[in-house]
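File shown: model-v3.txt. Contents: compact mmCIF, C-alpha atoms.
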```txt
# COMPACT_ATOMS: atom_id res chain seq x y z
CA MET A 1 -14.81 16.71 14.86
CA LYS A 2 -15.35 14.58 17.99
CA ARG A 3 -15.16 10.80 17.60
CA SER A 4 -18.71 10.51 18.91
CA THR A 5 -19.98 12.40 15.85
CA MET A 6 -17.77 10.64 13.29
CA THR A 7 -19.03 8.05 10.86
CA PRO A 8 -17.30 4.64 10.98
CA ALA A 9 -15.36 5.59 7.83
CA GLN A 10 -14.20 8.88 9.37
CA THR A 11 -13.18 7.08 12.56
CA PHE A 12 -11.17 4.56 10.57
CA ASN A 13 -9.51 7.32 8.55
CA GLU A 14 -8.61 9.20 11.73
CA ASP A 15 -7.07 6.04 13.21
CA GLN A 16 -5.07 5.63 9.99
CA ARG A 17 -3.89 9.24 10.25
CA ILE A 18 -2.72 8.68 13.82
CA ARG A 19 -0.93 5.43 12.95
CA TRP A 20 0.85 6.76 9.87
CA ASN A 21 1.90 9.91 11.71
CA GLY A 22 3.07 7.75 14.61
CA THR A 23 4.56 4.28 14.89
CA ASP A 24 3.81 3.07 11.35
CA GLY A 25 5.18 6.21 9.74
CA GLU A 26 8.27 5.99 11.94
CA TYR A 27 8.86 2.38 10.86
CA TRP A 28 8.53 3.17 7.15
CA THR A 29 10.76 6.25 7.30
CA SER A 30 13.40 4.41 9.34
CA ASN A 31 13.38 1.46 6.94
CA GLN A 32 12.73 3.29 3.67
CA ASP A 33 15.66 1.74 1.76
CA ARG A 34 14.81 -1.77 2.92
CA LEU A 35 11.12 -1.44 2.05
CA ASP A 36 11.86 0.12 -1.35
CA ARG A 37 13.99 -2.92 -2.18
CA THR A 38 11.32 -5.33 -0.96
CA LEU A 39 8.58 -3.68 -3.05
CA ALA A 40 10.74 -3.09 -6.13
CA PRO A 41 9.35 -6.19 -7.92
CA VAL A 42 5.96 -4.42 -7.98
CA SER A 43 7.11 -0.91 -8.84
CA GLY A 44 8.61 -1.64 -12.25
CA PRO A 45 5.65 -3.68 -13.55
CA LEU A 46 3.17 -1.12 -12.20
CA LEU A 47 4.92 1.74 -13.99
CA ALA A 48 5.04 -0.27 -17.23
CA PHE A 49 1.34 -1.07 -16.80
CA ALA A 50 0.35 2.53 -16.03
CA GLN A 51 2.30 3.99 -18.98
CA PRO A 52 2.66 7.56 -17.70
CA ARG A 53 2.93 9.86 -20.70
CA ALA A 54 5.60 12.50 -21.19
CA GLY A 55 4.22 15.96 -20.45
CA SER A 56 1.16 14.71 -18.57
CA ILE A 57 -0.05 15.33 -15.01
CA VAL A 58 -0.06 12.25 -12.76
CA ILE A 59 -1.31 11.75 -9.20
CA ASP A 60 0.47 9.20 -6.98
CA VAL A 61 -1.98 8.06 -4.29
CA GLY A 62 -0.46 6.85 -1.02
CA CYS A 63 2.96 7.91 -2.26
CA GLY A 64 4.64 7.30 1.11
CA CYS A 65 8.36 8.01 1.01
CA GLY A 66 8.22 8.78 -2.70
CA ALA A 67 9.74 5.77 -4.47
CA THR A 68 6.99 5.59 -7.11
CA THR A 69 6.71 9.39 -7.27
CA ILE A 70 10.35 9.61 -8.33
CA GLU A 71 9.83 7.11 -11.14
CA LEU A 72 6.70 8.90 -12.31
CA ALA A 73 8.51 12.25 -12.29
CA ARG A 74 11.20 10.77 -14.50
CA ALA A 75 8.59 9.29 -16.84
CA VAL A 76 6.55 12.46 -17.40
CA GLY A 77 9.66 14.58 -17.84
CA PRO A 78 10.20 18.27 -17.16
CA SER A 79 7.10 19.28 -19.13
CA GLY A 80 4.90 17.02 -16.98
CA ARG A 81 3.91 17.13 -13.34
CA VAL A 82 3.48 14.58 -10.55
CA VAL A 83 1.48 15.18 -7.37
CA GLY A 84 2.09 12.74 -4.53
CA ILE A 85 -0.68 12.32 -1.94
CA ASP A 86 -0.31 10.81 1.53
CA LEU A 87 -1.67 11.35 5.04
CA SER A 88 1.69 10.65 6.75
CA GLU A 89 3.61 13.84 7.46
CA PRO A 90 6.90 12.07 8.32
CA MET A 91 6.75 9.95 5.16
CA LEU A 92 5.95 12.97 2.99
CA ALA A 93 8.90 14.80 4.56
CA VAL A 94 11.16 12.00 3.31
CA ALA A 95 9.45 12.04 -0.08
CA MET A 96 9.89 15.80 -0.49
CA GLU A 97 13.56 15.56 0.43
CA ARG A 98 14.07 12.80 -2.16
CA LEU A 99 12.16 14.83 -4.75
CA ARG A 100 14.20 18.02 -4.34
CA MET A 101 15.94 17.40 -7.66
CA PHE A 102 12.60 17.07 -9.47
CA ALA A 103 11.06 20.47 -10.14
CA ASN A 104 8.07 18.70 -11.70
CA ALA A 105 6.98 16.92 -8.48
CA THR A 106 4.99 18.17 -5.50
CA CYS A 107 3.32 16.52 -2.50
CA LEU A 108 -0.01 17.06 -0.76
CA LEU A 109 -0.62 16.06 2.85
CA GLY A 110 -4.10 14.81 3.60
CA ASP A 111 -6.90 12.29 3.19
CA ALA A 112 -7.65 11.34 -0.41
CA ALA A 113 -11.36 11.55 0.43
CA GLU A 114 -11.11 15.19 1.52
CA LEU A 115 -8.26 16.90 -0.33
CA PRO A 116 -9.38 19.55 -2.85
CA LEU A 117 -8.36 17.87 -6.10
CA ARG A 118 -10.95 19.19 -8.54
CA ASP A 119 -9.59 20.49 -11.81
CA LEU A 120 -5.99 19.40 -11.29
CA GLY A 121 -6.19 18.26 -14.89
CA ALA A 122 -4.56 14.90 -14.28
CA GLU A 123 -4.39 12.38 -17.09
CA LEU A 124 -3.49 9.48 -14.79
CA ILE A 125 -3.91 8.31 -11.20
CA VAL A 126 -1.39 5.69 -10.01
CA SER A 127 -1.18 3.86 -6.69
CA ARG A 128 1.08 1.15 -5.34
CA PHE A 129 -0.94 -0.37 -2.48
CA GLY A 130 -2.46 2.96 -1.46
CA VAL A 131 -6.13 2.38 -2.26
CA MET A 132 -7.06 -0.53 0.03
CA PHE A 133 -7.13 1.46 3.26
CA PHE A 134 -9.87 4.00 2.58
CA GLY A 135 -12.57 4.01 5.25
CA ASP A 136 -15.09 4.77 2.50
CA PRO A 137 -13.47 3.74 -0.80
CA VAL A 138 -16.30 5.05 -2.99
CA THR A 139 -16.05 8.52 -1.47
CA ALA A 140 -12.25 8.57 -1.69
CA ILE A 141 -12.09 7.32 -5.28
CA SER A 142 -14.93 9.63 -6.30
CA ASN A 143 -12.90 12.54 -4.96
CA LEU A 144 -9.80 11.32 -6.80
CA ARG A 145 -11.90 11.15 -9.97
CA THR A 146 -12.52 14.91 -9.76
CA SER A 147 -8.81 15.44 -10.48
CA LEU A 148 -9.01 13.72 -13.88
CA VAL A 149 -9.56 15.13 -17.32
CA ALA A 150 -12.11 13.49 -19.61
CA ARG A 151 -11.07 9.91 -20.38
CA GLY A 152 -8.50 10.11 -17.59
CA ARG A 153 -7.06 6.82 -16.39
CA MET A 154 -6.60 5.03 -13.06
CA ARG A 155 -3.97 2.29 -12.67
CA PHE A 156 -3.11 0.66 -9.36
CA ALA A 157 -1.60 -2.36 -7.67
CA CYS A 158 -3.38 -4.22 -4.88
CA TRP A 159 -2.77 -7.57 -3.20
CA ARG A 160 -4.62 -10.70 -4.21
CA PRO A 161 -5.90 -12.92 -1.33
CA ILE A 162 -3.50 -13.77 1.50
CA ASN A 163 -3.52 -17.48 0.60
CA GLU A 164 -1.82 -16.46 -2.66
CA ASN A 165 0.78 -14.42 -0.77
CA PRO A 166 3.05 -16.79 1.18
CA TRP A 167 5.45 -13.94 1.93
CA LEU A 168 2.81 -12.66 4.39
CA GLN A 169 0.93 -15.88 5.15
CA ILE A 170 3.91 -18.01 6.26
CA PRO A 171 5.16 -15.56 8.93
CA LEU A 172 1.57 -15.04 10.12
CA HIS A 173 0.97 -18.76 10.56
CA ALA A 174 4.26 -19.00 12.47
CA VAL A 175 2.97 -16.33 14.86
CA TYR A 176 -0.31 -18.23 15.22
CA GLU A 177 1.60 -21.07 16.87
CA HIS A 178 1.82 -18.79 19.90
CA SER A 179 -0.77 -16.01 19.72
CA PRO A 180 -4.52 -15.84 19.08
CA ARG A 181 -5.66 -15.59 15.47
CA LEU A 182 -6.69 -12.21 14.16
CA PRO A 183 -10.45 -11.75 13.74
CA LYS A 184 -11.60 -12.61 10.24
CA PRO A 185 -12.06 -9.27 8.47
CA ASP A 186 -15.44 -8.17 7.24
CA PRO A 187 -15.56 -8.30 3.42
CA GLU A 188 -16.09 -4.51 3.38
CA GLU A 189 -13.38 -3.76 5.95
CA PRO A 190 -10.35 -1.72 4.82
CA GLY A 191 -7.01 -3.52 4.96
CA PRO A 192 -4.19 -4.96 2.88
CA PHE A 193 -6.49 -7.51 1.19
CA ALA A 194 -9.58 -5.31 0.92
CA PHE A 195 -9.25 -5.14 -2.89
CA ALA A 196 -8.44 -8.82 -3.43
CA ASP A 197 -12.03 -9.55 -4.50
CA THR A 198 -12.44 -8.43 -8.11
CA ALA A 199 -16.23 -8.23 -7.83
CA ARG A 200 -15.95 -5.80 -4.90
CA VAL A 201 -13.38 -3.64 -6.70
CA THR A 202 -15.58 -3.56 -9.81
CA ARG A 203 -18.55 -2.43 -7.72
CA ILE A 204 -16.52 0.29 -5.93
CA LEU A 205 -15.04 1.70 -9.13
CA ALA A 206 -18.42 1.75 -10.88
CA ALA A 207 -19.99 3.61 -7.95
CA ALA A 208 -17.10 6.09 -8.03
CA GLY A 209 -17.63 6.88 -11.70
CA PHE A 210 -15.16 4.61 -13.49
CA THR A 211 -15.56 2.11 -16.30
CA ALA A 212 -15.51 -1.64 -15.62
CA PRO A 213 -11.93 -2.44 -14.58
CA SER A 214 -9.56 -5.04 -15.97
CA PHE A 215 -7.46 -7.19 -13.65
CA THR A 216 -4.01 -8.40 -14.68
CA PRO A 217 -2.36 -10.90 -12.32
CA LEU A 218 1.24 -10.20 -11.38
CA ASP A 219 3.20 -13.03 -9.72
CA ILE A 220 6.45 -11.97 -8.11
CA GLN A 221 9.12 -13.03 -5.63
CA MET A 222 9.30 -10.87 -2.50
CA ASP A 223 12.71 -10.76 -0.80
CA LEU A 224 11.86 -10.35 2.86
CA ALA A 225 15.55 -9.80 3.59
CA ALA A 226 15.75 -6.93 1.09
CA GLY A 227 19.11 -8.21 -0.07
CA GLY A 228 20.24 -8.95 3.48
CA THR A 229 20.24 -11.95 5.78
CA LEU A 230 17.74 -14.33 7.34
CA GLU A 231 17.75 -12.14 10.45
CA ASP A 232 16.78 -9.14 8.32
CA ALA A 233 13.86 -11.17 6.95
CA VAL A 234 12.77 -12.22 10.45
CA PHE A 235 12.83 -8.60 11.60
CA GLN A 236 10.86 -7.34 8.61
CA SER A 237 8.28 -10.14 8.83
CA SER A 238 7.53 -9.38 12.46
CA ALA A 239 7.54 -5.60 12.06
CA MET A 240 4.95 -5.20 9.29
CA GLY A 241 1.77 -6.70 7.91
CA PRO A 242 -0.59 -9.21 9.55
CA ALA A 243 2.17 -10.80 11.65
CA LYS A 244 2.84 -7.45 13.30
CA ARG A 245 -0.87 -7.02 14.07
CA ALA A 246 -1.09 -10.52 15.54
CA LEU A 247 1.89 -9.78 17.80
CA ALA A 248 0.56 -6.42 19.00
CA ASP A 249 0.13 -6.30 22.78
CA GLN A 250 1.54 -9.81 23.23
CA PRO A 251 3.91 -10.29 26.20
CA ASP A 252 7.66 -10.53 25.62
CA ASP A 253 7.83 -14.30 26.03
CA ILE A 254 5.12 -14.85 23.39
CA ARG A 255 6.81 -12.41 21.02
CA ALA A 256 10.17 -14.14 21.47
CA ALA A 257 8.67 -17.57 20.81
CA ALA A 258 6.78 -16.29 17.76
CA ILE A 259 9.89 -14.68 16.30
CA GLU A 260 11.76 -17.95 16.73
CA SER A 261 8.94 -19.71 14.86
CA ILE A 262 9.17 -17.11 12.07
CA ARG A 263 12.91 -17.76 11.86
CA HIS A 264 12.29 -21.51 11.58
CA ALA A 265 9.56 -21.03 8.94
CA LEU A 266 11.71 -18.75 6.77
CA THR A 267 14.95 -20.74 6.98
CA PRO A 268 14.09 -23.03 4.00
CA TYR A 269 13.70 -19.95 1.79
CA ALA A 270 17.03 -18.35 2.69
CA SER A 271 19.75 -18.33 0.03
CA ALA A 272 22.54 -16.13 -1.28
CA ALA A 273 19.83 -14.26 -3.21
CA GLY A 274 17.94 -13.31 -0.03
CA VAL A 275 14.80 -14.78 1.53
CA ASN A 276 12.37 -14.98 -1.39
CA LEU A 277 8.73 -16.01 -1.12
CA PRO A 278 5.91 -15.72 -3.65
CA GLY A 279 3.71 -12.65 -3.81
CA ALA A 280 0.50 -12.15 -5.79
CA VAL A 281 -0.80 -8.81 -7.02
CA TRP A 282 -3.61 -7.44 -9.15
CA LEU A 283 -2.74 -4.68 -11.61
CA VAL A 284 -6.04 -2.88 -12.06
CA ALA A 285 -7.00 -0.57 -14.94
CA ALA A 286 -10.10 1.61 -15.13
CA ASP A 287 -10.94 4.84 -16.95
CA LYS A 288 -13.05 7.80 -15.99
CA ALA A 289 -16.58 7.18 -17.18
CA SER A 290 -18.11 9.86 -19.37
```
The structure given in the file should be rewritten as C-alpha cells.
Amino acid sequence: MKRSTMTPAQTFNEDQRIRWNGTDGEYWTSNQDRLDRTLAPVSGPLLAFAQPRAGSIVIDVGCGCGATTIELARAVGPSGRVVGIDLSEPMLAVAMERLRMFANATCLLGDAAELPLRDLGAELIVSRFGVMFFGDPVTAISNLRTSLVARGRMRFACWRPINENPWLQIPLHAVYEHSPRLPKPDPEEPGPFAFADTARVTRILAAAGFTAPSFTPLDIQMDLAAGGTLEDAVFQSSAMGPAKRALADQPDDIRAAAIESIRHALTPYASAAGVNLPGAVWLVAADKAS
C-alpha cells in the first residue's frame, strides 16, 4: 500500500515497523541484557499481577527480545503455550533464540492490528509497555480480543505521566538546556505516555470490547546504569526515550553539551547500587466483555 493511500494510523504503524526493524531494533538487540535489567522492576510485579495459569494459552504483546515471554512460558508450564507478538524481526530473532529451550513458546512477526489471531483460544493477554504505540489502539486491541476465550483476561503495564517518571523526565530536561523542546503530543497520539490517562484507556478498552478496567499504581526505582556506572546511565539516558528524540538531528556540539548536562543531572543519584530514579507505572486489568 502506498503512503498516499494510507490512513494516519497505518502510516504511523508503518513508521514504527521501519524504526523497530532498523535503528531502534538494533539498539534493543545490542543492549538486551542492559535493558532487561533496567525493566526488571516492572516484569516481576506485572507477572504477579497477571497471574498466568498453568496449562493456559497466553499472548505476550510487544514481546521484544523475549524477557517476559520466557517468564510466561515458565509460568504456564509444558502443558500451556505462550505466543509472543512483535513487529521487529531482529528483536524476535533474539527472542526465538532465547526461547529455544521452551517447547511451549512461539513467536509471531507482525502488527497486532493485522495478525490473524482469531480462535487462538488464549486465556490471557499480557503486555509490558507494548500497547501504547498502536496507531489505532481500538482496532489493535479489538483484534487482540479475537484471540481470547470467553471471559479471557487482559493485563498490561503502561507508564503513568512523565512528571511522575523522573527517570525519563530528568534526562529530558537536561537535554532541553541545549535543544528545542519536543512538540507537546496530542492526547490521542501514540507514544510512551499515550496510556497515562486512565479515562482514555477506559474509553479505548470499552470500544475494543473489554470490561471497565482497574488501574493499580506501581512505584518503582529504575536503575539507569543497569547495575553499571554513571557513564552507563548517561549512555542509556541519551540513547532511548524522550531524551533520544529531543537529541535527534542535533549537531555534534549540541549533543556533547546535552550529554554533559545529563551527566551532571544524574550524578546526585549515582551510588554503589547504580543510578536509581523513580518510575511510575499503571498495572491495568480488563476482561473480555460478553
- prompt: Quick one: residues within 8 Å of segment 117-121 of chain A, only C-alpha atoms counted, chain neighbours fewer than 2 positions away excluded, as a PyMOL selection string?
  reply: chain A and resi 57+115+123+143-144+146-149
field: Surrounding residues of segment 80-93 of chain A excluding itself and chain neighbours under 5 positions, 7 Å, all atoms listed in the file, as a PyMOL selection string
entry: chain A and resi 17+20-21+25+29+54-65+69+72-73+104-111
message: Here is a test: counting all atoms listed in the file, which residue of A:Pro268, A:Gly152, A:Gly279, A:Pro45 is nearest to Ile125 of chain A?
response: A:Gly152
At a cut-off of 10 Å, can you tabulate as a tab-separated table every residue of segment 177-258 of chain A near segment 164-168 of chain A together with its closest atom pair and the distance in Å to one decimal, using all atoms listed in the file and ordering rows by chain then number?
```
residue	atom	partner	partner_atom	distance
A:Asp219	CA	A:Glu164	CA	9.3
A:Ile220	CA	A:Asn165	CA	9.6
A:Gln221	CA	A:Trp167	CA	8.5
A:Met222	CA	A:Trp167	CA	6.6
A:Asp223	CA	A:Trp167	CA	8.4
A:Leu224	CA	A:Trp167	CA	7.4
A:Ser237	CA	A:Leu168	CA	7.5
A:Ser238	CA	A:Leu168	CA	9.9
A:Met240	CA	A:Leu168	CA	9.2
A:Gly241	CA	A:Leu168	CA	7.0
A:Pro242	CA	A:Leu168	CA	7.1
A:Ala243	CA	A:Leu168	CA	7.5
```
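Atom to atom, atom CA of Gly77 of chain A and atom CA of Thr38 of chain A stand 26.2 Å apart.
Each of A:Arg145, A:Lys288, A:Arg160, A:Arg53 was compared to Thr198 of chain A using only C-alpha atoms, and A:Arg160 turns out to be the nearest.
Ranking A:Thr11, A:Thr202, A:Ser261, A:Asn163 by their shortest atom-to-atom distance to Glu177 of chain A, with only C-alpha atoms included, puts A:Ser261 first.
Using all atoms listed in the file, the contacts of Glu188 of chain A at a cut-off of 10 Å, with sequence neighbours closer than 5 positions omitted, comprise A:Gly135, A:Asp136, A:Pro137, A:Ala194, A:Phe195, A:Arg200.
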statement: Restricting to only C-alpha atoms, whichever of A:Thr229, A:Gln169, A:Gln51, A:Gln10 is closest to Phe193 of chain A is A:Gln169
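A straight line drawn from atom CA of Ala258 of chain A to atom CA of Ala174 of chain A is 6.5 Å long.
Of the listed residues (A:Thr23, A:Asp36, A:Pro8, A:His173), A:His173 comes nearest to Leu266 of chain A; the distances count all atoms listed in the file.
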